[in-house]
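Have a look at model.pdb below; it lists PDB, C-alpha atoms.
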ATOM      1  CA  MET A 114     -58.643  -9.898 -38.242
ATOM      2  CA  LYS A 115     -59.263  -7.513 -35.359
ATOM      3  CA  LYS A 116     -57.411  -9.875 -33.006
ATOM      4  CA  SER A 117     -54.369 -10.053 -35.273
ATOM      5  CA  LEU A 118     -54.372  -6.279 -35.755
ATOM      6  CA  THR A 119     -54.620  -5.771 -31.981
ATOM      7  CA  ILE A 120     -51.793  -8.247 -31.387
ATOM      8  CA  VAL A 121     -49.592  -6.591 -34.024
ATOM      9  CA  LEU A 122     -50.285  -3.114 -32.602
ATOM     10  CA  GLY A 123     -49.598  -4.418 -29.104
ATOM     11  CA  LEU A 124     -46.269  -5.878 -30.238
ATOM     12  CA  PHE A 125     -45.326  -2.570 -31.896
ATOM     13  CA  CYS A 126     -46.133  -0.721 -28.671
ATOM     14  CA  ILE A 127     -44.091  -3.152 -26.594
ATOM     15  CA  CYS A 128     -41.159  -2.898 -29.036
ATOM     16  CA  GLY A 129     -41.390   0.890 -28.921
ATOM     17  CA  LEU A 130     -41.393   0.936 -25.130
ATOM     18  CA  LEU A 131     -38.445  -1.464 -24.948
ATOM     19  CA  SER A 132     -36.533   0.608 -27.504
ATOM     20  CA  ALA A 133     -37.237   3.813 -25.571
ATOM     21  CA  GLN A 134     -36.104   2.183 -22.321
ATOM     22  CA  GLU A 135     -32.921   0.935 -23.994
ATOM     23  CA  MET A 136     -32.180   4.437 -25.348
ATOM     24  CA  GLN A 137     -32.755   5.914 -21.897
ATOM     25  CA  ASP A 138     -30.424   3.344 -20.317
ATOM     26  CA  LYS A 139     -27.724   4.158 -22.888
ATOM     27  CA  GLY A 140     -28.131   7.878 -22.166
ATOM     28  CA  GLN A 141     -27.740   7.304 -18.443
ATOM     29  CA  ARG A 142     -24.675   5.141 -19.021
ATOM     30  CA  GLY A 143     -23.213   7.924 -21.171
ATOM     31  CA  ASN A 144     -23.719  10.427 -18.354
ATOM     32  CA  LYS A 145     -22.166   8.021 -15.859
ATOM     33  CA  ASP A 146     -19.208   7.505 -18.171
ATOM     34  CA  ARG A 147     -18.811  11.271 -18.549
ATOM     35  CA  SER A 148     -19.063  11.794 -14.786
ATOM     36  CA  ALA A 149     -16.544   9.039 -14.158
ATOM     37  CA  LYS A 150     -14.129  10.616 -16.642
ATOM     38  CA  MET A 151     -14.541  14.023 -15.012
ATOM     39  CA  ALA A 152     -13.967  12.549 -11.562
ATOM     40  CA  GLU A 153     -10.906  10.720 -12.845
ATOM     41  CA  LYS A 154      -9.542  13.948 -14.319
ATOM     42  CA  GLN A 155     -10.119  15.796 -11.027
ATOM     43  CA  LEU A 156      -8.434  13.018  -9.067
ATOM     44  CA  SER A 157      -5.456  13.217 -11.400
ATOM     45  CA  LYS A 158      -5.189  16.990 -10.779
ATOM     46  CA  ILE A 159      -5.438  16.429  -7.026
ATOM     47  CA  LYS A 160      -2.657  13.830  -7.097
ATOM     48  CA  GLU A 161      -0.465  16.155  -9.149
ATOM     49  CA  GLY A 162      -1.126  18.955  -6.651
ATOM     50  CA  VAL A 163      -0.300  16.729  -3.681
ATOM     51  CA  THR A 164       2.981  15.754  -5.345
ATOM     52  CA  GLN A 165       3.864  19.431  -5.754
ATOM     53  CA  ILE A 166       2.908  20.206  -2.147
ATOM     54  CA  ILE A 167       5.083  17.385  -0.826
ATOM     55  CA  GLU A 168       8.005  18.431  -3.035
ATOM     56  CA  LYS A 169       7.739  21.999  -1.743
ATOM     57  CA  PHE A 170       7.074  21.441   1.972
ATOM     58  CA  ASP A 171       8.552  18.019   2.835
ATOM     59  CA  THR A 172      11.779  19.340   4.359
ATOM     60  CA  ASP A 173      12.977  15.991   5.746
ATOM     61  CA  LYS A 174      12.198  14.280   2.388
ATOM     62  CA  ASP A 175      10.386  11.305   3.945
ATOM     63  CA  GLY A 176       7.529  11.515   1.416
ATOM     64  CA  THR A 177       4.904  12.772   3.900
ATOM     65  CA  LEU A 178       4.239  16.015   5.731
ATOM     66  CA  SER A 179       4.773  16.090   9.463
ATOM     67  CA  THR A 180       2.667  18.331  11.710
ATOM     68  CA  THR A 181       5.398  20.981  11.612
ATOM     69  CA  GLU A 182       5.641  20.798   7.823
ATOM     70  CA  LYS A 183       1.839  21.094   7.508
ATOM     71  CA  GLU A 184       1.824  24.170   9.747
ATOM     72  CA  SER A 185       4.579  25.695   7.620
ATOM     73  CA  MET A 186       2.547  24.954   4.484
ATOM     74  CA  LYS A 187      -0.621  26.511   5.956
ATOM     75  CA  SER A 188       1.283  29.604   7.035
ATOM     76  CA  THR A 189       2.868  29.976   3.601
ATOM     77  CA  LEU A 190      -0.507  29.574   1.856
ATOM     78  CA  GLU A 191      -2.137  32.169   4.133
ATOM     79  CA  SER A 192       0.699  34.581   3.314
ATOM     80  CA  ALA A 193       0.210  33.848  -0.380
ATOM     81  CA  LYS A 194      -3.516  34.644  -0.111
ATOM     82  CA  GLU A 195      -2.690  37.965   1.512
ATOM     83  CA  ILE A 196      -0.119  38.758  -1.160
ATOM     84  CA  ILE A 197      -2.659  37.968  -3.900
ATOM     85  CA  LYS A 198      -5.149  40.384  -2.293
ATOM     86  CA  LEU A 199      -2.487  43.102  -2.087
ATOM     87  CA  SER A 200      -1.466  42.429  -5.671
ATOM     88  CA  ARG A 201      -5.051  42.999  -6.855
ATOM     89  CA  VAL A 202      -5.238  46.267  -4.910
ATOM     90  CA  TYR A 203      -1.890  47.384  -6.305
ATOM     91  CA  GLU A 204      -3.020  46.564  -9.827
ATOM     92  CA  LEU A 205      -6.008  48.903  -9.448
ATOM     93  CA  VAL A 206      -3.926  51.580  -7.714
ATOM     94  CA  SER A 207      -1.440  51.528 -10.578
ATOM     95  CA  VAL A 208      -4.310  52.143 -13.013
ATOM     96  CA  VAL A 209      -5.437  55.229 -11.085
ATOM     97  CA  ASP A 210      -2.146  56.542  -9.656
ATOM     98  CA  THR A 211      -0.634  58.310 -12.659
ATOM     99  CA  ASP A 212       2.411  59.727 -10.867
ATOM    100  CA  GLY A 213       3.296  56.389  -9.201
ATOM    101  CA  ASN A 214       3.600  57.672  -5.610
ATOM    102  CA  LEU A 215       0.894  55.282  -4.293
ATOM    103  CA  VAL A 216      -1.149  58.255  -3.082
ATOM    104  CA  ILE A 217      -4.418  58.987  -4.861
ATOM    105  CA  SER A 218      -4.688  62.753  -5.328
ATOM    106  CA  ASP A 219      -8.006  64.565  -5.813
ATOM    107  CA  GLU A 220      -7.312  64.850  -9.552
ATOM    108  CA  GLU A 221      -6.532  61.141  -9.822
ATOM    109  CA  ALA A 222      -9.666  60.328  -7.806
ATOM    110  CA  LYS A 223     -11.818  62.276 -10.283
ATOM    111  CA  GLU A 224     -10.493  60.199 -13.183
ATOM    112  CA  ALA A 225     -10.568  56.915 -11.204
ATOM    113  CA  PRO A 226     -14.090  55.664 -12.099
ATOM    114  CA  LYS A 227     -13.463  55.915 -15.852
ATOM    115  CA  LYS A 228      -9.964  54.426 -15.659
ATOM    116  CA  ILE A 229     -11.089  51.550 -13.432
ATOM    117  CA  GLY A 230     -14.121  50.933 -15.663
ATOM    118  CA  ASP A 231     -11.927  50.802 -18.768
ATOM    119  CA  PHE A 232      -9.438  48.532 -17.008
ATOM    120  CA  LEU A 233     -12.139  46.107 -15.823
ATOM    121  CA  LYS A 234     -13.792  46.073 -19.258
ATOM    122  CA  ALA A 235     -10.447  45.174 -20.872
ATOM    123  CA  ARG A 236      -9.843  42.502 -18.212
ATOM    124  CA  ARG A 237     -13.264  40.916 -18.867
ATOM    125  CA  ALA A 238     -12.574  40.901 -22.614
ATOM    126  CA  GLU A 239      -9.214  39.176 -22.023
ATOM    127  CA  MET A 240     -10.810  36.579 -19.753
ATOM    128  CA  THR A 241     -13.606  35.913 -22.251
ATOM    129  CA  LYS A 242     -11.092  35.513 -25.068
ATOM    130  CA  ALA A 243      -8.964  33.153 -22.963
ATOM    131  CA  ARG A 244     -12.028  31.110 -21.967
ATOM    132  CA  GLU A 245     -13.112  30.791 -25.594
ATOM    133  CA  GLY A 246      -9.586  29.775 -26.570
ATOM    134  CA  ASN A 247      -9.610  27.074 -23.899
ATOM    135  CA  ARG A 248     -12.948  25.746 -25.130
ATOM    136  CA  GLN A 249     -11.756  25.622 -28.725
ATOM    137  CA  GLY A 250      -8.546  23.901 -27.686
ATOM    138  CA  LYS A 251     -10.502  21.199 -25.883
ATOM    139  CA  ARG A 252     -12.763  20.641 -28.896
ATOM    140  CA  GLY A 253      -9.933  20.430 -31.363
ATOM    141  CA  ASN A 254     -10.573  23.874 -32.847
ATOM    142  CA  ASN A 255     -13.263  22.735 -35.286
ATOM    143  CA  ASN A 256     -14.500  26.297 -35.836
ATOM    144  CA  GLU A 257     -11.888  27.000 -38.516
ATOM    145  CA  ASN A 258     -13.668  24.818 -41.073
ATOM    146  CA  ARG A 259     -17.143  26.113 -40.327
ATOM    147  CA  PRO A 260     -18.698  28.833 -42.444
ATOM    148  CA  PRO A 261     -19.375  32.097 -40.611
ATOM    149  CA  LYS A 262     -22.792  32.417 -39.013
ATOM    150  CA  PRO A 263     -25.145  34.584 -41.052
ATOM    151  CA  GLU A 264     -25.957  37.910 -39.476
ATOM    152  CA  GLU A 265     -29.583  38.485 -38.585
ATOM    153  CA  GLU A 266     -31.560  40.779 -40.840
ATOM    154  CA  PRO A 267     -33.043  43.806 -39.071
ATOM    155  CA  ILE A 268     -36.807  43.544 -38.646
ATOM    156  CA  GLU A 269     -38.666  46.318 -40.393
ATOM    157  CA  ASP A 270     -42.035  47.531 -39.100
TER     158      ASP A 270
END
Could you render the structure from this file as structure tokens?
Amino acid sequence: MKKSLTIVLGLFCICGLLSAQEMQDKGQRGNKDRSAKMAEKQLSKIKEGVTQIIEKFDTDKDGTLSTTEKESMKSTLESAKEIIKLSRVYELVSVVDTDGNLVISDEEAKEAPKKIGDFLKARRAEMTKAREGNRQGKRGNNNENRPPKPEEEPIED
């Protein structure tokens, strides 16, 4: 009886270990599948970007960029980076510069910290809202059918 009980317990242990290993293998395959899908998505975005670059900078329309065309592209992109930096500065200046002369007076400088703080707070709120909207869009917006989360009760001492 002890032998049969030991054999049965041993078989259960072996089955459990094999089942656990199988579950682990499935989990790893799922991660690999997810990684492969992400890589495929990134590659698709890269190809789309390359197509746009060639359309924009391939002046002789041969389907590739020559050395001259690449230099033109690099120069244009560097200019674009500089313009983006200036645009960010101008955006902040326009928040502070109430009279629009692009000169920050002493009065405007006194109000600047509050105005910039309010502006940045609003910007963060917009970005958070946009990020949440993107997440919901990717999930199929399932939150509409969910009941609201209960609010936590305050803890009384």
In Å to one decimal, how far is CA of Ile159 (chain A) from CA of Glu195 (chain A)?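 CA of Ile159 (chain A) lies 23.3 Å from CA of Glu195 (chain A).
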For CA of Thr180 (chain A) and CA of Lys154 (chain A), quote the distance in Å rounded to one decimal.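 Between CA of Thr180 (chain A) and CA of Lys154 (chain A) the gap is 29.1 Å.
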Applying 9 Å and all atoms listed in the file, which residues near Ala222 (chain A) remain after dropping the ones on its own chain fewer than 4 positions away? List them as a list in words.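 Listed by chain and then number, they are Val209, Asp210, Ile217, Ser218 and Pro226 of chain A.
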How many Å lie between CA of Ser185 (chain A) and CA of Thr172 (chain A), rounded to one decimal?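 Atom-to-atom, CA of Ser185 (chain A) and CA of Thr172 (chain A) are spaced 10.1 Å apart.
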Nearest residue to Ser179 (chain A) from the set A:Gln155, A:Ile167, A:Lys160, A:Glu221 (distances using all atoms listed in the file):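 The shortest atom-to-atom distance to Ser179 (chain A) comes from A:Ile167.
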Will you model N, CA and C atoms for region 193-206 of chain A and pass it back as an mmCIF file, keeping the file's coordinate frame?
data_model
loop_
_atom_site.group_PDB
_atom_site.id
_atom_site.type_symbol
_atom_site.label_atom_id
_atom_site.label_comp_id
_atom_site.auth_asym_id
_atom_site.auth_seq_id
_atom_site.Cartn_x
_atom_site.Cartn_y
_atom_site.Cartn_z
ATOM 1 N N ALA A 193 0.429 33.734 1.068
ATOM 2 C CA ALA A 193 0.210 33.848 -0.380
ATOM 3 C C ALA A 193 -1.157 34.468 -0.669
ATOM 4 N N LYS A 194 -2.179 34.062 0.080
ATOM 5 C CA LYS A 194 -3.516 34.644 -0.111
ATOM 6 C C LYS A 194 -3.488 36.144 0.144
ATOM 7 N N GLU A 195 -2.797 36.542 1.179
ATOM 8 C CA GLU A 195 -2.690 37.965 1.512
ATOM 9 C C GLU A 195 -1.946 38.718 0.422
ATOM 10 N N ILE A 196 -0.885 38.121 -0.094
ATOM 11 C CA ILE A 196 -0.119 38.758 -1.160
ATOM 12 C C ILE A 196 -0.971 38.893 -2.421
ATOM 13 N N ILE A 197 -1.778 37.894 -2.721
ATOM 14 C CA ILE A 197 -2.659 37.968 -3.900
ATOM 15 C C ILE A 197 -3.652 39.117 -3.741
ATOM 16 N N LYS A 198 -4.225 39.269 -2.535
ATOM 17 C CA LYS A 198 -5.149 40.384 -2.293
ATOM 18 C C LYS A 198 -4.450 41.718 -2.510
ATOM 19 N N LEU A 199 -3.245 41.864 -1.935
ATOM 20 C CA LEU A 199 -2.487 43.102 -2.087
ATOM 21 C C LEU A 199 -2.122 43.348 -3.548
ATOM 22 N N SER A 200 -1.817 42.298 -4.258
ATOM 23 C CA SER A 200 -1.466 42.429 -5.671
ATOM 24 C C SER A 200 -2.643 42.956 -6.477
ATOM 25 N N ARG A 201 -3.859 42.507 -6.165
ATOM 26 C CA ARG A 201 -5.051 42.999 -6.855
ATOM 27 C C ARG A 201 -5.288 44.483 -6.549
ATOM 28 N N VAL A 202 -5.087 44.856 -5.287
ATOM 29 C CA VAL A 202 -5.238 46.267 -4.910
ATOM 30 C C VAL A 202 -4.197 47.101 -5.641
ATOM 31 N N TYR A 203 -2.958 46.640 -5.644
ATOM 32 C CA TYR A 203 -1.890 47.384 -6.305
ATOM 33 C C TYR A 203 -2.162 47.536 -7.797
ATOM 34 N N GLU A 204 -2.706 46.504 -8.408
ATOM 35 C CA GLU A 204 -3.020 46.564 -9.827
ATOM 36 C C GLU A 204 -4.013 47.697 -10.114
ATOM 37 N N LEU A 205 -5.038 47.820 -9.274
ATOM 38 C CA LEU A 205 -6.008 48.903 -9.448
ATOM 39 C C LEU A 205 -5.399 50.263 -9.119
ATOM 40 N N VAL A 206 -4.579 50.314 -8.071
ATOM 41 C CA VAL A 206 -3.926 51.580 -7.714
ATOM 42 C C VAL A 206 -3.053 52.046 -8.869
#
